[in-house]
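Here is the structure we will look at, set down as structure tokens.
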Amino acid sequence: MINRRTLLKRLSALPLVGTIMGSGIPVQSVFADTPSMPKRDLIKELGLRTFINAAGTYTAMTASLMPEEVMETIEASSKQFIMLDEVQDKVGEKIAAICHAEAATVTSGCWSAMVLGLAGVLTGTDKDKIAQLPNLKGMKSEVIVQKSHNVAYVHSLTNTGVTLIPVETVEELENAINEKTAMLWFLNYQAPVGKIQHEEWVALGKKHNIPTMIDIAADVPPVENLWKFNDMGFDMVCISGGKAMKGPQSAGILMGRKEIIEAARLSAPPRGHTIGRGMKVNKEEILGMLVALELYVQKDHEKEWKSWEQKVSFIEEMVKKVDGVTTSVSVPPVANHTPFLKIAWYPNVINLNRTQMQEKLRNGNPSIEVVGSGDHEVSCTVFMLRPNEEKIVTKRIQEELIAGRV
């Protein structure tokens with residue numbers, strides 16, 4: 001006699017409509033009593049630690065959390081086949097219109113946007129040159145950067161094989177320009193310490209007919225930065241998608257002059273034998289990035305800023321009640337431009353150092369991540385907190401400060 005397991009196995013091969021052959025019993029009724037498998041909770045299954053993010057949109061902390069509308073877009077688009085280039089075409093048009101650019105494409109992060117953008121400058125639409133990168137034989141091979149901008153992110157540019165030429169002044173820049181100069185690169189978060197500012201950098205590029213690129217990876221808010229640098233005249237603008245915009249963390253945007261973006265895409269998937277083949281971004285991420293951008297632009301940013309200020313003020317007022325604690329609020333001028341609370345304490349009053357405080361918060365329940373630089377201080381932001389999490393953060397910081405009193 002057939003057992004229930006064998007029956008179900010055989011029935012699984014039948015269509016999900018109609019009746020079981022010869023029985024008159026609807027297939028749906030047979031399966032109605034079969035319990036559905038519970039959804040897997042892989043976070044719990046793998047023993048992964050989750051935490052309250054009072055630190056910010058750091059890559060190591062998986063940046064931001066995507067809104068429901070973005071996740072719905074990803075889920076819905078995962079059920080259909082679409083040609084990848086068609087998705088990029090249509091989404092790129094929408095993004096370009098929103099951001100005042102001639103063209104745009106979704107990339108696998110800001111780093112990828114810089115690699116592909118520079119590749120487009122170096123190769124144009126020449127298929128032989130595209131396949132040749134990072135061998136620059138027959139191509140321009142130098143990119144000029146300001147010395148203060150010459151930090152870790154320049155490695156995205158050297159992926160293409162170029163040599164970086166650091167300068168400090170306008171005179172040095174103009175003396176450095178030669179027939180090998182491919183591009184002028186600007187790192188926005190280092191702008192306050194550079195001797196050449198945005199408008200002059202763009203003007204120098206136009207004067208010498210050299211393309212300019214700006215990296216604004218984490219530089220929204222303010223929302224206006226999404227189109228400010230396109231309007232200013234930069235030929236390429238590169239930004240992360242998974243930070244304040246709350247798109248997929250592995251997505252970014254390259255936008256700017258149409259001919260450069262079109263050339264850049266020739267080094268990007270789905271094309272093979274290119275420097276960007278490994279920088280794949282799927283249709284779900286491309287569409288999710290568009291929705292995240294639309295949501296971000298439509299947001300009431302003034303209201304959001306006030307809510308951040310209120311949350312920071314709440315944490316500040318409560319932790320200051322602990323003897324030996326001082327606080328200060330600041331806003332970074334460029335990257336992660338949001339209210340930032342520093343909580344410091346006197347070590348002769350509270351016997352706790354920064355590392356100990358971070359570990360206690362990290363190992364507590366719930367786990368909380370904060371940052372810090374001084375020996376006896378931590379800092380937190382609130383723009384990645386979910387509703388009411390500022391109260392949990394406040395309570396835990398208070399508890400550890402009080403427990404550490406001498």
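Ordering of the structure tokens sets the chain letters (A, B, ...), residue numbers begin anew at 1 in every chain, and ligands are numbered from 1 in the order given.
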
Quiz item: If we count only C-alpha atoms, what is near Gly256 of chain A at a cut-off of 7 Å, once residues fewer than 5 positions away on the same chain are taken out, given as an NGL selection string?
Solution: :A and (101-104 or 230 or 235-237 or 261)

Practice problem: For Ile397 of chain A, list every protein, DNA or RNA residue within 10 Å, evaluated using only C-alpha atoms, and leave out those in the same chain fewer than 5 positions away; present the list as a list in words. | Solution: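 These residues fall inside the cut-off: Ile315, Met318, Val319, Ile343, Met357, Gln358, Lys360, Leu361, Ile368, Val378, Ile392, Ile402 and Ala403 of chain A.
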
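Proximity to Gln249 of chain A was assessed for A:Ile144, A:Ile350, A:Val70, A:Val312 counting only C-alpha atoms; the smallest distance is recorded for A:Val70.
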
I need the residues in segment 81-307 of chain A that are strand (DSSP E or B) according to DSSP; give them as a PDB file with N, CA and C atoms, in the first residue's frame.
```pdb
ATOM      1  N   ALA A 103      23.443  61.346 -18.942  1.00  0.00           N
ATOM      2  CA  ALA A 103      23.265  59.894 -18.937  1.00  0.00           C
ATOM      3  C   ALA A 103      23.689  59.349 -17.584  1.00  0.00           C
ATOM      4  N   ALA A 104      23.283  58.116 -17.308  1.00  0.00           N
ATOM      5  CA  ALA A 104      23.640  57.480 -16.039  1.00  0.00           C
ATOM      6  C   ALA A 104      23.569  55.973 -16.191  1.00  0.00           C
ATOM      7  N   THR A 105      24.276  55.275 -15.314  1.00  0.00           N
ATOM      8  CA  THR A 105      24.205  53.822 -15.272  1.00  0.00           C
ATOM      9  C   THR A 105      24.415  53.367 -13.842  1.00  0.00           C
ATOM     10  N   VAL A 106      23.778  52.273 -13.475  1.00  0.00           N
ATOM     11  CA  VAL A 106      23.946  51.711 -12.136  1.00  0.00           C
ATOM     12  C   VAL A 106      25.160  50.791 -12.155  1.00  0.00           C
ATOM     13  N   THR A 107      26.021  50.955 -11.171  1.00  0.00           N
ATOM     14  CA  THR A 107      27.263  50.195 -11.088  1.00  0.00           C
ATOM     15  C   THR A 107      27.287  49.387  -9.793  1.00  0.00           C
ATOM     16  N   GLU A 142      47.797  58.940 -17.513  1.00  0.00           N
ATOM     17  CA  GLU A 142      47.986  59.662 -16.257  1.00  0.00           C
ATOM     18  C   GLU A 142      46.704  60.348 -15.806  1.00  0.00           C
ATOM     19  N   VAL A 143      46.506  60.338 -14.490  1.00  0.00           N
ATOM     20  CA  VAL A 143      45.374  61.046 -13.880  1.00  0.00           C
ATOM     21  C   VAL A 143      45.930  61.981 -12.817  1.00  0.00           C
ATOM     22  N   ILE A 144      45.520  63.222 -12.874  1.00  0.00           N
ATOM     23  CA  ILE A 144      46.001  64.222 -11.912  1.00  0.00           C
ATOM     24  C   ILE A 144      45.040  64.290 -10.726  1.00  0.00           C
ATOM     25  N   VAL A 145      45.619  64.261  -9.515  1.00  0.00           N
ATOM     26  CA  VAL A 145      44.842  64.370  -8.275  1.00  0.00           C
ATOM     27  C   VAL A 145      45.541  65.362  -7.354  1.00  0.00           C
ATOM     28  N   GLN A 146      44.793  65.958  -6.455  1.00  0.00           N
ATOM     29  CA  GLN A 146      45.409  66.792  -5.432  1.00  0.00           C
ATOM     30  C   GLN A 146      46.048  65.900  -4.370  1.00  0.00           C
ATOM     31  N   THR A 163      48.742  55.979 -14.035  1.00  0.00           N
ATOM     32  CA  THR A 163      49.659  56.507 -13.025  1.00  0.00           C
ATOM     33  C   THR A 163      49.061  57.789 -12.466  1.00  0.00           C
ATOM     34  N   LEU A 164      49.102  57.935 -11.150  1.00  0.00           N
ATOM     35  CA  LEU A 164      48.563  59.130 -10.511  1.00  0.00           C
ATOM     36  C   LEU A 164      49.636  60.210 -10.417  1.00  0.00           C
ATOM     37  N   ILE A 165      49.246  61.432 -10.725  1.00  0.00           N
ATOM     38  CA  ILE A 165      50.154  62.571 -10.656  1.00  0.00           C
ATOM     39  C   ILE A 165      49.616  63.538  -9.596  1.00  0.00           C
ATOM     40  N   PRO A 166      50.195  63.540  -8.383  1.00  0.00           N
ATOM     41  CA  PRO A 166      49.691  64.414  -7.326  1.00  0.00           C
ATOM     42  C   PRO A 166      50.198  65.853  -7.467  1.00  0.00           C
ATOM     43  N   VAL A 167      49.306  66.797  -7.239  1.00  0.00           N
ATOM     44  CA  VAL A 167      49.641  68.228  -7.303  1.00  0.00           C
ATOM     45  C   VAL A 167      48.998  68.936  -6.119  1.00  0.00           C
ATOM     46  N   THR A 181      47.898  62.966 -20.148  1.00  0.00           N
ATOM     47  CA  THR A 181      46.887  63.260 -19.132  1.00  0.00           C
ATOM     48  C   THR A 181      45.499  62.835 -19.612  1.00  0.00           C
ATOM     49  N   ALA A 182      44.892  61.910 -18.872  1.00  0.00           N
ATOM     50  CA  ALA A 182      43.580  61.384 -19.268  1.00  0.00           C
ATOM     51  C   ALA A 182      42.439  62.065 -18.529  1.00  0.00           C
ATOM     52  N   MET A 183      42.662  62.426 -17.244  1.00  0.00           N
ATOM     53  CA  MET A 183      41.537  62.882 -16.427  1.00  0.00           C
ATOM     54  C   MET A 183      42.037  63.656 -15.208  1.00  0.00           C
ATOM     55  N   LEU A 184      41.175  64.526 -14.679  1.00  0.00           N
ATOM     56  CA  LEU A 184      41.396  65.197 -13.400  1.00  0.00           C
ATOM     57  C   LEU A 184      40.383  64.629 -12.413  1.00  0.00           C
ATOM     58  N   TRP A 185      40.873  64.082 -11.282  1.00  0.00           N
ATOM     59  CA  TRP A 185      39.986  63.410 -10.315  1.00  0.00           C
ATOM     60  C   TRP A 185      39.891  64.201  -9.031  1.00  0.00           C
ATOM     61  N   PHE A 186      38.676  64.334  -8.507  1.00  0.00           N
ATOM     62  CA  PHE A 186      38.397  65.149  -7.309  1.00  0.00           C
ATOM     63  C   PHE A 186      37.671  64.297  -6.280  1.00  0.00           C
ATOM     64  N   LEU A 187      38.175  64.279  -5.042  1.00  0.00           N
ATOM     65  CA  LEU A 187      37.553  63.530  -3.949  1.00  0.00           C
ATOM     66  C   LEU A 187      36.807  64.508  -3.051  1.00  0.00           C
ATOM     67  N   THR A 212      36.749  65.673 -16.180  1.00  0.00           N
ATOM     68  CA  THR A 212      36.834  65.739 -14.724  1.00  0.00           C
ATOM     69  C   THR A 212      35.846  64.753 -14.100  1.00  0.00           C
ATOM     70  N   MET A 213      36.290  64.114 -13.017  1.00  0.00           N
ATOM     71  CA  MET A 213      35.442  63.172 -12.277  1.00  0.00           C
ATOM     72  C   MET A 213      35.447  63.563 -10.808  1.00  0.00           C
ATOM     73  N   ILE A 214      34.294  63.421 -10.142  1.00  0.00           N
ATOM     74  CA  ILE A 214      34.209  63.661  -8.711  1.00  0.00           C
ATOM     75  C   ILE A 214      33.611  62.443  -8.019  1.00  0.00           C
ATOM     76  N   ASP A 215      34.221  62.075  -6.903  1.00  0.00           N
ATOM     77  CA  ASP A 215      33.736  60.991  -6.044  1.00  0.00           C
ATOM     78  C   ASP A 215      32.949  61.616  -4.903  1.00  0.00           C
ATOM     79  N   MET A 236      31.905  63.580 -14.930  1.00  0.00           N
ATOM     80  CA  MET A 236      31.430  62.338 -14.315  1.00  0.00           C
ATOM     81  C   MET A 236      31.255  62.547 -12.822  1.00  0.00           C
ATOM     82  N   VAL A 237      30.160  61.996 -12.286  1.00  0.00           N
ATOM     83  CA  VAL A 237      29.879  62.027 -10.854  1.00  0.00           C
ATOM     84  C   VAL A 237      29.630  60.593 -10.409  1.00  0.00           C
ATOM     85  N   CYS A 238      30.320  60.181  -9.347  1.00  0.00           N
ATOM     86  CA  CYS A 238      30.227  58.808  -8.852  1.00  0.00           C
ATOM     87  C   CYS A 238      29.722  58.825  -7.418  1.00  0.00           C
ATOM     88  N   ILE A 239      28.742  57.953  -7.115  1.00  0.00           N
ATOM     89  CA  ILE A 239      28.151  57.946  -5.778  1.00  0.00           C
ATOM     90  C   ILE A 239      27.760  56.526  -5.368  1.00  0.00           C
ATOM     91  N   SER A 240      27.832  56.257  -4.076  1.00  0.00           N
ATOM     92  CA  SER A 240      27.364  54.980  -3.531  1.00  0.00           C
ATOM     93  C   SER A 240      25.841  54.983  -3.469  1.00  0.00           C
ATOM     94  N   GLY A 252      25.810  51.384  -7.028  1.00  0.00           N
ATOM     95  CA  GLY A 252      26.264  52.765  -7.074  1.00  0.00           C
ATOM     96  C   GLY A 252      25.769  53.386  -8.362  1.00  0.00           C
ATOM     97  N   ILE A 253      26.120  54.641  -8.581  1.00  0.00           N
ATOM     98  CA  ILE A 253      25.685  55.329  -9.794  1.00  0.00           C
ATOM     99  C   ILE A 253      26.871  56.067 -10.412  1.00  0.00           C
ATOM    100  N   LEU A 254      27.018  55.909 -11.712  1.00  0.00           N
ATOM    101  CA  LEU A 254      27.921  56.719 -12.528  1.00  0.00           C
ATOM    102  C   LEU A 254      27.059  57.570 -13.431  1.00  0.00           C
ATOM    103  N   MET A 255      27.235  58.877 -13.375  1.00  0.00           N
ATOM    104  CA  MET A 255      26.422  59.759 -14.216  1.00  0.00           C
ATOM    105  C   MET A 255      27.290  60.875 -14.767  1.00  0.00           C
ATOM    106  N   GLY A 256      26.835  61.450 -15.887  1.00  0.00           N
ATOM    107  CA  GLY A 256      27.605  62.531 -16.486  1.00  0.00           C
ATOM    108  C   GLY A 256      27.397  62.628 -17.973  1.00  0.00           C
TER     109      GLY A 256
END
```

Self-check item: 7 Å contact set for Trp227 of chain A, only C-alpha atoms, chain neighbours under 3 positions out, as number ranges by chain
Solution: A: 99-100, 224, 230-231
